[in-house]
$ cat target-v1.cif   # mmCIF, C-alpha atoms
data_protein
loop_
_atom_site.label_atom_id
_atom_site.label_comp_id
_atom_site.auth_asym_id
_atom_site.auth_seq_id
_atom_site.Cartn_x
_atom_site.Cartn_y
_atom_site.Cartn_z
CA MET A 1 -197.31 222.50 13.23
CA PRO A 2 -194.02 224.42 12.81
CA VAL A 3 -192.40 224.16 9.38
CA LEU A 4 -188.74 224.91 8.63
CA VAL A 5 -188.28 226.92 5.41
CA THR A 6 -184.97 228.08 3.90
CA LYS A 7 -184.76 230.93 1.41
CA TRP A 8 -181.70 232.43 -0.26
CA PHE A 9 -181.51 235.07 2.47
CA GLY A 10 -182.22 233.00 5.61
CA SER A 11 -184.00 230.16 7.41
CA PHE A 12 -187.47 230.62 8.87
CA LEU A 13 -189.69 228.75 11.28
CA CYS A 14 -193.26 229.19 10.10
CA ASP A 15 -196.61 228.30 11.61
CA GLU A 16 -200.11 229.08 10.31
CA GLY A 17 -198.78 231.24 7.52
CA LYS A 18 -196.63 233.43 9.76
CA VAL A 19 -192.92 233.59 10.55
CA ARG A 20 -192.32 232.67 14.19
CA LYS A 21 -188.51 232.72 14.16
CA ALA A 22 -185.94 233.85 11.61
CA ALA A 23 -182.22 233.13 11.25
CA LEU A 24 -181.00 235.52 8.55
CA PHE A 25 -177.86 235.10 6.49
CA PRO A 26 -175.12 237.75 6.50
CA LYS A 27 -175.74 240.37 3.83
CA GLU A 28 -172.32 239.98 2.18
CA PRO A 29 -172.51 238.33 -1.30
CA ASP A 30 -169.67 235.93 -0.44
CA GLU A 31 -171.51 234.65 2.64
CA ILE A 32 -174.77 234.22 0.76
CA ALA A 33 -172.94 232.39 -2.05
CA LEU A 34 -171.27 230.13 0.54
CA ARG A 35 -174.64 229.07 1.95
CA LEU A 36 -176.13 228.56 -1.50
CA GLU A 37 -173.19 226.31 -2.36
CA GLN A 38 -173.67 224.33 0.86
CA MET A 39 -177.34 223.87 0.02
CA ARG A 40 -176.44 222.69 -3.47
CA LYS A 41 -174.12 220.08 -1.97
CA GLY A 42 -176.88 218.85 0.36
CA GLU A 43 -175.31 220.15 3.55
CA VAL A 44 -177.23 221.46 6.56
CA LEU A 45 -176.70 225.14 7.37
CA LYS A 46 -175.88 226.48 10.81
CA GLU A 47 -179.00 228.66 10.68
CA GLU A 48 -181.12 225.58 10.00
CA GLN A 49 -179.57 223.71 12.92
CA ASP A 50 -180.44 226.60 15.23
CA LEU A 51 -184.13 226.33 14.27
CA ALA A 52 -184.36 222.57 13.85
CA GLY A 53 -185.20 221.89 17.51
CA SER A 54 -188.50 223.75 17.20
CA ALA A 55 -189.62 222.23 13.88
CA ASN A 56 -191.05 218.81 13.07
CA GLN A 57 -191.76 219.51 9.41
CA VAL A 58 -189.45 220.68 6.63
CA VAL A 59 -189.90 221.83 3.05
CA ASP A 60 -186.52 220.87 1.58
CA ARG A 61 -185.82 217.16 1.09
CA ARG A 62 -182.25 217.95 2.03
CA LEU A 63 -183.51 218.32 5.64
CA ARG A 64 -185.60 215.14 5.76
CA ASP A 65 -183.62 213.90 8.79
CA MET A 66 -184.98 216.86 10.78
CA GLY A 67 -188.64 216.23 10.13
CA LYS A 68 -191.36 215.21 7.73
CA VAL A 69 -191.10 216.67 4.24
CA VAL A 70 -194.25 218.63 3.39
CA LYS A 71 -195.45 221.08 0.77
CA PHE A 72 -195.69 224.60 2.07
CA ASP A 73 -196.47 227.92 0.39
CA SER A 74 -193.74 230.28 1.58
CA SER A 75 -194.36 233.07 -0.91
CA PHE A 76 -195.32 235.43 1.94
CA ILE A 77 -191.67 235.52 3.10
CA LYS A 78 -190.30 238.52 1.21
CA PRO A 79 -186.58 239.45 1.18
CA GLU A 80 -187.34 243.19 1.24
CA LYS A 81 -189.01 242.80 4.63
CA TYR A 82 -185.67 241.69 6.12
CA GLY A 83 -183.42 244.22 4.36
CA PHE A 84 -182.35 242.05 1.41
CA THR A 85 -182.57 243.11 -2.24
CA ILE A 86 -182.50 241.40 -5.62
CA ASP A 87 -179.12 243.04 -6.30
CA MET A 88 -177.67 241.14 -3.33
CA TYR A 89 -178.99 237.90 -4.77
CA ARG A 90 -177.58 238.72 -8.21
CA GLU A 91 -174.12 239.47 -6.78
CA ALA A 92 -174.21 236.26 -4.75
CA THR A 93 -175.11 234.16 -7.79
CA ILE A 94 -172.25 235.77 -9.74
CA VAL A 95 -169.83 234.79 -6.97
CA LEU A 96 -171.31 231.28 -6.94
CA ALA A 97 -170.92 230.98 -10.72
CA LYS A 98 -167.27 232.06 -10.56
CA ARG A 99 -166.57 229.44 -7.91
CA ALA A 100 -168.29 226.77 -10.00
CA VAL A 101 -166.20 227.67 -13.05
CA LYS A 102 -162.97 227.48 -11.05
CA ALA A 103 -163.97 224.16 -9.50
CA SER A 104 -164.84 222.68 -12.90
CA VAL A 105 -161.22 222.96 -14.10
CA GLY A 106 -159.75 219.80 -12.63
CA PRO A 107 -156.64 217.75 -13.43
CA ASP A 108 -158.50 215.77 -16.10
CA VAL A 109 -159.20 219.00 -18.01
CA HIS A 110 -155.47 219.78 -18.08
CA LEU A 111 -154.86 216.22 -19.23
CA GLY A 112 -157.23 216.79 -22.14
CA GLN A 113 -155.31 219.88 -23.18
CA ALA A 114 -152.02 217.97 -22.84
CA VAL A 115 -153.33 215.21 -25.12
CA ARG A 116 -154.39 217.75 -27.74
CA ALA A 117 -150.98 219.42 -27.51
CA TYR A 118 -149.29 216.02 -27.84
CA GLY A 119 -151.27 215.29 -30.99
CA ASP A 120 -150.28 218.67 -32.43
CA LEU A 121 -146.62 217.98 -31.67
CA VAL A 122 -146.79 214.55 -33.31
CA PHE A 123 -148.29 216.12 -36.43
CA THR A 124 -145.65 218.88 -36.39
CA ASN A 125 -142.82 216.37 -35.96
CA ASN A 126 -144.03 214.30 -38.90
CA LEU A 127 -144.35 217.39 -41.07
CA LEU A 128 -140.91 218.76 -40.18
CA SER A 129 -139.30 215.33 -40.50
CA GLU A 130 -140.73 214.84 -43.98
CA ARG A 131 -139.47 218.27 -45.05
CA LEU A 132 -136.01 217.69 -43.53
CA HIS A 133 -135.58 214.30 -45.22
CA GLU A 134 -136.56 215.79 -48.55
CA TRP A 135 -134.34 218.86 -48.23
CA TYR A 136 -131.22 217.26 -46.70
CA GLY A 137 -131.65 214.29 -49.03
CA LEU A 138 -130.54 216.52 -51.88
CA HIS A 139 -127.13 216.71 -50.19
CA PHE A 140 -126.81 213.36 -48.37
CA PRO A 141 -129.69 210.96 -49.20
CA GLU A 142 -127.91 207.89 -47.80
CA LEU A 143 -127.94 209.19 -44.23
CA GLU A 144 -131.54 208.13 -43.59
CA ASN A 145 -130.50 204.51 -44.21
CA VAL A 146 -128.06 204.49 -41.27
CA LEU A 147 -129.63 207.04 -38.91
CA GLY A 148 -133.32 207.22 -38.12
CA GLY A 149 -135.70 208.91 -35.72
CA ASP A 150 -134.34 211.58 -33.42
CA ALA A 151 -130.72 210.75 -34.29
CA TYR A 152 -131.23 211.93 -37.89
CA ALA A 153 -132.26 215.47 -36.94
CA LYS A 154 -129.66 215.64 -34.17
CA ALA A 155 -126.81 214.71 -36.52
CA ILE A 156 -127.80 217.34 -39.08
CA SER A 157 -128.37 220.03 -36.45
CA GLU A 158 -125.01 219.49 -34.72
CA HIS A 159 -122.72 218.59 -37.65
CA GLY A 160 -124.34 219.89 -40.79
CA SER A 161 -122.41 218.91 -43.91
CA ARG A 162 -121.99 215.42 -45.32
CA ASP A 163 -118.26 215.37 -44.64
CA SER A 164 -118.75 216.41 -41.01
CA VAL A 165 -121.37 213.71 -40.43
CA LEU A 166 -119.20 211.04 -42.06
CA SER A 167 -116.22 212.11 -39.98
CA GLN A 168 -118.16 212.24 -36.70
CA PHE A 169 -119.81 208.82 -37.06
CA LYS A 170 -116.90 207.26 -38.96
CA PHE A 171 -119.12 206.16 -41.82
CA LYS A 172 -117.46 204.99 -45.02
CA MET A 173 -119.79 205.38 -47.95
CA ASP A 174 -120.13 207.13 -51.26
CA SER A 175 -122.95 209.56 -51.78
CA ILE A 176 -124.80 210.58 -54.89
CA GLY A 177 -125.91 213.82 -53.23
CA SER A 178 -124.99 217.19 -54.62
CA ASP A 179 -122.86 219.81 -52.95
CA VAL A 180 -124.62 222.52 -50.98
CA ALA A 181 -123.79 226.15 -50.37
CA THR A 182 -122.99 227.30 -46.85
CA GLU A 183 -126.04 229.55 -46.55
CA ASP A 184 -128.32 226.72 -47.77
CA LEU A 185 -126.80 224.29 -45.30
CA GLU A 186 -127.36 226.73 -42.43
CA SER A 187 -131.05 226.91 -43.31
CA VAL A 188 -131.25 223.12 -43.28
CA ARG A 189 -129.59 223.05 -39.87
CA VAL A 190 -132.14 225.57 -38.59
CA LEU A 191 -134.92 223.22 -39.73
CA ALA A 192 -133.16 220.26 -38.10
CA GLY A 193 -132.83 222.24 -34.86
CA ALA A 194 -136.55 223.05 -34.88
CA LEU A 195 -137.36 219.36 -35.38
CA LYS A 196 -134.97 218.42 -32.58
CA GLU A 197 -136.71 220.85 -30.19
CA ALA A 198 -140.14 219.60 -31.22
CA GLN A 199 -139.08 216.01 -30.58
CA SER A 200 -137.76 216.95 -27.15
CA SER A 201 -141.02 218.77 -26.33
CA ARG A 202 -143.04 215.73 -27.40
CA GLU A 203 -141.01 213.46 -25.11
CA LYS A 204 -141.42 215.83 -22.15
CA LEU A 205 -145.16 216.11 -22.73
CA GLU A 206 -145.49 212.34 -23.03
CA LEU A 207 -143.67 211.96 -19.70
CA TYR A 208 -146.00 214.52 -18.12
CA ILE A 209 -149.09 212.65 -19.36
CA ASP A 210 -147.68 209.38 -18.05
CA GLN A 211 -146.99 210.79 -14.58
CA ARG A 212 -150.26 212.77 -14.37
CA MET A 213 -152.39 209.82 -15.43
CA LYS A 214 -150.87 207.72 -12.64
CA GLN A 215 -152.02 210.40 -10.18
CA VAL A 216 -155.45 211.21 -11.62
CA ALA A 217 -156.57 207.86 -13.03
CA PRO A 218 -154.12 205.11 -12.03
CA ASN A 219 -156.48 202.23 -12.86
CA VAL A 220 -157.38 203.60 -16.30
CA SER A 221 -153.70 204.28 -16.98
CA SER A 222 -152.79 200.70 -16.06
CA ILE A 223 -155.47 199.08 -18.23
CA ALA A 224 -155.62 201.39 -21.25
CA GLY A 225 -152.17 202.97 -21.11
CA PRO A 226 -151.43 206.62 -20.24
CA LEU A 227 -151.90 208.11 -23.72
CA ILE A 228 -154.96 206.08 -24.72
CA GLY A 229 -156.51 206.60 -21.28
CA ALA A 230 -155.96 210.35 -21.47
CA ARG A 231 -157.48 210.43 -24.98
CA MET A 232 -160.55 208.57 -23.72
CA ILE A 233 -160.96 211.02 -20.84
CA MET A 234 -160.66 213.90 -23.32
CA HIS A 235 -163.31 212.44 -25.66
CA ALA A 236 -165.65 211.67 -22.75
CA GLY A 237 -165.28 215.20 -21.37
CA SER A 238 -163.91 214.28 -17.94
CA LEU A 239 -162.99 211.29 -15.83
CA GLN A 240 -166.36 211.51 -14.08
CA ARG A 241 -168.23 211.35 -17.39
CA LEU A 242 -166.09 208.43 -18.54
CA ALA A 243 -167.01 206.56 -15.36
CA LYS A 244 -170.72 207.04 -16.11
CA LEU A 245 -170.59 205.84 -19.71
CA PRO A 246 -171.68 202.29 -20.66
CA SER A 247 -168.99 200.00 -22.03
CA GLY A 248 -170.52 200.07 -25.53
CA THR A 249 -170.07 203.83 -25.71
CA VAL A 250 -166.52 203.61 -24.33
CA GLN A 251 -165.70 201.04 -27.02
CA LEU A 252 -166.70 203.49 -29.77
CA LEU A 253 -165.16 206.66 -28.36
CA GLY A 254 -163.36 208.34 -31.25
CA ALA A 255 -165.46 206.54 -33.90
CA GLU A 256 -168.44 208.89 -33.82
CA LYS A 257 -168.22 209.78 -37.51
CA ALA A 258 -168.18 206.13 -38.54
CA MET A 259 -171.12 205.43 -36.24
CA PHE A 260 -173.18 208.28 -37.69
CA ARG A 261 -172.29 207.14 -41.19
CA HIS A 262 -173.53 203.66 -40.29
CA LEU A 263 -176.81 205.06 -38.99
CA ARG A 264 -177.25 207.41 -41.94
CA GLU A 265 -176.04 205.32 -44.87
CA GLY A 266 -176.27 201.77 -43.57
CA SER A 267 -172.53 201.11 -43.82
CA ARG A 268 -170.79 198.55 -41.61
CA PRO A 269 -170.81 199.62 -37.93
CA PRO A 270 -167.44 200.44 -36.31
CA LYS A 271 -165.90 197.94 -33.89
CA HIS A 272 -163.60 200.33 -32.06
CA GLY A 273 -162.43 203.92 -31.93
CA ILE A 274 -159.49 205.10 -29.86
CA LEU A 275 -159.02 201.53 -28.61
CA PHE A 276 -157.66 200.52 -32.01
CA ALA A 277 -154.30 201.98 -30.91
CA HIS A 278 -154.17 199.63 -27.91
CA PRO A 279 -151.65 196.80 -28.45
CA LEU A 280 -154.21 194.10 -27.63
CA VAL A 281 -156.54 195.37 -30.36
CA HIS A 282 -154.01 196.59 -32.92
CA SER A 283 -151.95 193.39 -32.93
CA ALA A 284 -154.96 191.06 -33.06
CA PRO A 285 -156.37 189.57 -36.30
CA PRO A 286 -159.23 191.63 -37.76
CA TRP A 287 -161.91 189.12 -36.76
CA GLN A 288 -160.81 189.24 -33.11
CA ARG A 289 -160.59 193.01 -32.73
CA GLY A 290 -164.28 193.55 -32.04
CA PRO A 291 -164.53 191.11 -29.10
CA ILE A 292 -161.20 192.27 -27.70
CA ALA A 293 -162.22 195.95 -27.88
CA ARG A 294 -165.52 195.06 -26.18
CA ALA A 295 -163.76 193.26 -23.34
CA LEU A 296 -161.18 196.03 -22.98
CA ALA A 297 -163.87 198.73 -22.87
CA GLY A 298 -165.66 196.89 -20.07
CA LYS A 299 -162.50 196.79 -17.95
CA ILE A 300 -161.79 200.46 -18.64
CA CYS A 301 -165.28 201.33 -17.38
CA LEU A 302 -164.63 199.47 -14.14
CA ALA A 303 -161.21 201.12 -13.83
CA ALA A 304 -162.69 204.61 -14.32
CA ARG A 305 -165.39 203.98 -11.69
CA ALA A 306 -162.77 202.81 -9.22
CA ASP A 307 -160.70 205.95 -9.88
CA VAL A 308 -163.70 208.23 -9.37
CA TYR A 309 -165.66 206.62 -6.54
CA SER A 310 -163.63 204.13 -4.47
CA HIS A 311 -160.04 205.27 -5.26
CA ASN A 312 -158.91 201.66 -4.79
CA ASP A 313 -156.19 200.08 -6.90
CA ILE A 314 -157.93 197.22 -8.73
CA SER A 315 -155.63 197.23 -11.75
CA ASP A 316 -154.11 193.81 -10.99
CA ILE A 317 -157.55 192.23 -10.70
CA LEU A 318 -158.73 193.81 -13.94
CA ARG A 319 -155.57 192.80 -15.81
CA ASN A 320 -155.91 189.18 -14.68
CA GLN A 321 -159.55 189.11 -15.74
CA LEU A 322 -158.64 190.67 -19.07
CA GLU A 323 -155.89 188.13 -19.70
CA ARG A 324 -158.29 185.25 -19.08
CA ARG A 325 -160.82 186.86 -21.39
CA MET A 326 -158.17 187.21 -24.11
CA ILE A 327 -157.50 183.48 -23.94
CA GLU A 328 -161.22 182.75 -24.32
CA ILE A 329 -161.55 185.11 -27.30
CA LYS A 330 -158.57 183.56 -29.09
CA GLU A 331 -160.05 180.09 -28.56
CA HIS A 332 -163.58 180.95 -29.67
CA HIS A 333 -162.46 183.15 -32.57
CA ALA A 334 -159.47 181.16 -33.78
CA SER A 335 -160.50 181.62 -37.41
CA PRO A 336 -162.74 184.13 -39.19
CA LYS A 337 -166.36 183.28 -39.67
CA LYS A 338 -167.38 182.42 -43.19
CA ARG A 339 -169.84 184.89 -44.56
CA PRO A 340 -172.81 183.45 -46.43
CA GLN A 341 -172.49 183.83 -50.17
CA PRO A 342 -175.32 185.71 -51.86
CA ALA A 343 -177.60 183.54 -53.94
CA ARG A 344 -176.85 183.68 -57.64
CA THR A 345 -179.73 184.65 -59.86
CA GLN A 346 -179.95 183.26 -63.35
CA ARG A 347 -180.47 185.81 -66.01
CA ARG A 348 -183.42 185.29 -68.22
CA GLN A 349 -182.43 184.66 -71.76
CA ARG A 350 -184.07 186.82 -74.27
CA ARG A 351 -186.00 184.94 -76.88
#
$ encode --input "target-v1.cif" --output "structure tokens"
Amino acid sequence: MPVLVTKWFGSFLCDEGKVRKAALFPKEPDEIALRLEQMRKGEVLKEEQDLAGSANQVVDRRLRDMGKVVKFDSSFIKPEKYGFTIDMYREATIVLAKRAVKASVGPDVHLGQAVRAYGDLVFTNNLLSERLHEWYGLHFPELENVLGGDAYAKAISEHGSRDSVLSQFKFKMDSIGSDVATEDLESVRVLAGALKEAQSSREKLELYIDQRMKQVAPNVSSIAGPLIGARMIMHAGSLQRLAKLPSGTVQLLGAEKAMFRHLREGSRPPKHGILFAHPLVHSAPPWQRGPIARALAGKICLAARADVYSHNDISDILRNQLERRMIEIKEHHASPKKRPQPARTQRRQRR
């Protein structure tokens, strides 16, 4: 009975250990790589369709709709007999590998890099802000009491001296700060300008993450928030991997060190990782954070699967379910559980 066999260099119709018909692939590496990629995706090749009418048995399970899947020894089909060489196969696999590498870099990979860059900018902003407050505080320490955040660095960068700041903002106050030389003040303004630029870059990057998350993972962004959702995608490796993780693993993403310490040393297991930064978890009493993180992780799993597989917007449904679950948790965990006190042992008195 005819059997349809596909090799890397063509499709063959075999019967009684001989090739009856052959549909060879083009000998260009790009064309061979294209057919190998189609086979990897489970698609049927044009060469296979041309021979399918004469076959009622197939070797590849990918072609089970064309005939019965059977085991068949096709080692007698040699590429050299049809003008193909191992070098052709090697070049085709190199082309296929390059295509796979390019395809693996999706939007979620760029999101992961953006989250890392955002974390670096936050660290840099905190470092520069601490240095600026300490340095400019020698000249005008009272300014941090009336201006905070981005306005502090902006005022120093644009106006510089204490008198200029007081005049610009019409502040009336005495200062215990010392006078500063012009060249020293210029250096402080350079530092304030660097902090101002870093703060602006952080805001732009945060806006990019927000907009990109709504495009790549709208359900995850709605439930977890853009930044937390992007961090979870980064820790999972990709949005597809996040969608495949169980809710217990999602709950502990970012707490791997604490989990390993628990397994190694027997310390208390972690209740949450990245999810601690979520408002529902962070603002809750300590005894409610574990159940809330567990419920939130379950909804994030469903959101990620919807973003990957169905592409349907189910964020409203998930939020409503989460809100009802929050009410139940607050009712059932209204107060912390009392831990059992260890039994006291009486010391034996020495006679």
$ resolve_selection --input "target-v1.cif" --expression "the PyMOL selection byres ((chain A and resi 67) around 9)" --output "list in words"
Val3, Leu4, Ala52, Ala55, Asn56, Gln57, Val58, Leu63, Arg64, Asp65, Met66, Lys68 and Val69 of chain A
$ resolve_selection --input "target-v1.cif" --expression "the PyMOL selection byres ((chain A and resi 172) around 12)" --output "list of chain:residue names"
A:Glu142, A:Leu143, A:Val146, A:Arg162, A:Asp163, A:Val165, A:Leu166, A:Ser167, A:Gln168, A:Phe169, A:Lys170, A:Phe171, A:Met173, A:Asp174, A:Ser175
$ atom_distance --input "target-v1.cif" --atom1 "atom CA of A:Ala33" --atom2 "atom CA of A:Thr93"
6.4 Å
$ closest_residue --input "target-v1.cif" --among "A:Leu127, A:Ala114, A:Leu242, A:Ile274" --to "A:Leu207" --atoms "all atoms listed in the file"
A:Ala114
$ resolve_selection --input "target-v1.cif" --expression "the PyMOL selection byres ((chain A and resi 177) around 6)" --output "list in words"
Leu138, His139, Phe140, Ser175, Ile176 and Ser178 of chain A
$ closest_residue --input "target-v1.cif" --among "A:Ser104, A:Ser157, A:Gln240, A:Gln38" --to "A:Ala306" --atoms "all atoms listed in the file"
A:Gln240
$ residues_around --input "target-v1.cif" --residues "A:Leu128" --least-positions-apart "6" --cutoff "9 Å" --atoms "only C-alpha atoms" --output "list in words"
Leu191, Ala192, Ala194 and Leu195 of chain A
$ residues_around --input "target-v1.cif" --residues "stretch 258-270 of chain A" --least-positions-apart "5" --cutoff "12 Å" --atoms "all atoms listed in the file" --output "list in words"
Gly248, Thr249, Gln251, Leu252, Leu253, Leu275, Phe276, Arg289, Gly290, Ala293 and Arg294 of chain A
$ closest_residue --input "target-v1.cif" --among "A:Leu51, A:Met213, A:Ala304, A:Val281" --to "A:Met326" --atoms "all atoms listed in the file"
A:Val281
$ closest_residue --input "target-v1.cif" --among "A:Leu185, A:Val5, A:Ile314, A:Leu13" --to "A:Val70" --atoms "all atoms listed in the file"
A:Val5
$ atom_distance --input "target-v1.cif" --atom1 "atom CA of A:Ala151" --atom2 "atom CA of A:Asn125"
13.4 Å
$ closest_residue --input "target-v1.cif" --among "A:Gly254, A:Pro291, A:Pro107, A:Gly42" --to "A:Gly273" --atoms "all atoms listed in the file"
A:Gly254
$ closest_residue --input "target-v1.cif" --among "A:Val250, A:Ala97, A:Val216, A:Leu147" --to "A:Glu37" --atoms "all atoms listed in the file"
A:Ala97
$ atom_distance --input "target-v1.cif" --atom1 "atom CA of A:His159" --atom2 "atom CA of A:Glu186"
10.5 Å
$ residues_near_point --input "target-v1.cif" --point "(-156.2, 215.4, -19.6)" --cutoff "9 Å" --atoms "all atoms listed in the file" --output "list in words"
Gly106, Pro107, Asp108, Val109, His110, Leu111, Gly112, Gln113, Ala114, Val115, Arg116, Ile209, Arg212, Met213, Gly229, Ala230, Arg231, Ile233, Met234, Ser238 and Leu239 of chain A
$ residues_around --input "target-v1.cif" --residues "A:Ala198" --least-positions-apart "3" --cutoff "12 Å" --atoms "only C-alpha atoms" --output "PyMOL selection string"
chain A and resi 117-129+150+153-154+191-195+201-205
$ residues_around --input "target-v1.cif" --residues "A:Asn219" --least-positions-apart "2" --cutoff "12 Å" --atoms "only C-alpha atoms" --output "tab-separated table (two decimals) with C-alpha atoms, in the frame of the given file"
chain	number	residue	atom	x	y	z
A	213	MET	CA	-152.39	209.82	-15.43
A	214	LYS	CA	-150.87	207.72	-12.64
A	215	GLN	CA	-152.02	210.40	-10.18
A	216	VAL	CA	-155.45	211.21	-11.62
A	217	ALA	CA	-156.57	207.86	-13.03
A	221	SER	CA	-153.70	204.28	-16.98
A	222	SER	CA	-152.79	200.70	-16.06
A	223	ILE	CA	-155.47	199.08	-18.23
A	224	ALA	CA	-155.62	201.39	-21.25
A	225	GLY	CA	-152.17	202.97	-21.11
A	226	PRO	CA	-151.43	206.62	-20.24
A	229	GLY	CA	-156.51	206.60	-21.28
A	230	ALA	CA	-155.96	210.35	-21.47
A	239	LEU	CA	-162.99	211.29	-15.83
A	243	ALA	CA	-167.01	206.56	-15.36
A	299	LYS	CA	-162.50	196.79	-17.95
A	300	ILE	CA	-161.79	200.46	-18.64
A	301	CYS	CA	-165.28	201.33	-17.38
A	302	LEU	CA	-164.63	199.47	-14.14
A	303	ALA	CA	-161.21	201.12	-13.83
A	304	ALA	CA	-162.69	204.61	-14.32
A	305	ARG	CA	-165.39	203.98	-11.69
A	306	ALA	CA	-162.77	202.81	-9.22
A	307	ASP	CA	-160.70	205.95	-9.88
A	308	VAL	CA	-163.70	208.23	-9.37
A	309	TYR	CA	-165.66	206.62	-6.54
A	310	SER	CA	-163.63	204.13	-4.47
A	311	HIS	CA	-160.04	205.27	-5.26
A	312	ASN	CA	-158.91	201.66	-4.79
A	313	ASP	CA	-156.19	200.08	-6.90
A	314	ILE	CA	-157.93	197.22	-8.73
A	315	SER	CA	-155.63	197.23	-11.75
A	316	ASP	CA	-154.11	193.81	-10.99
A	317	ILE	CA	-157.55	192.23	-10.70
A	318	LEU	CA	-158.73	193.81	-13.94
A	319	ARG	CA	-155.57	192.80	-15.81
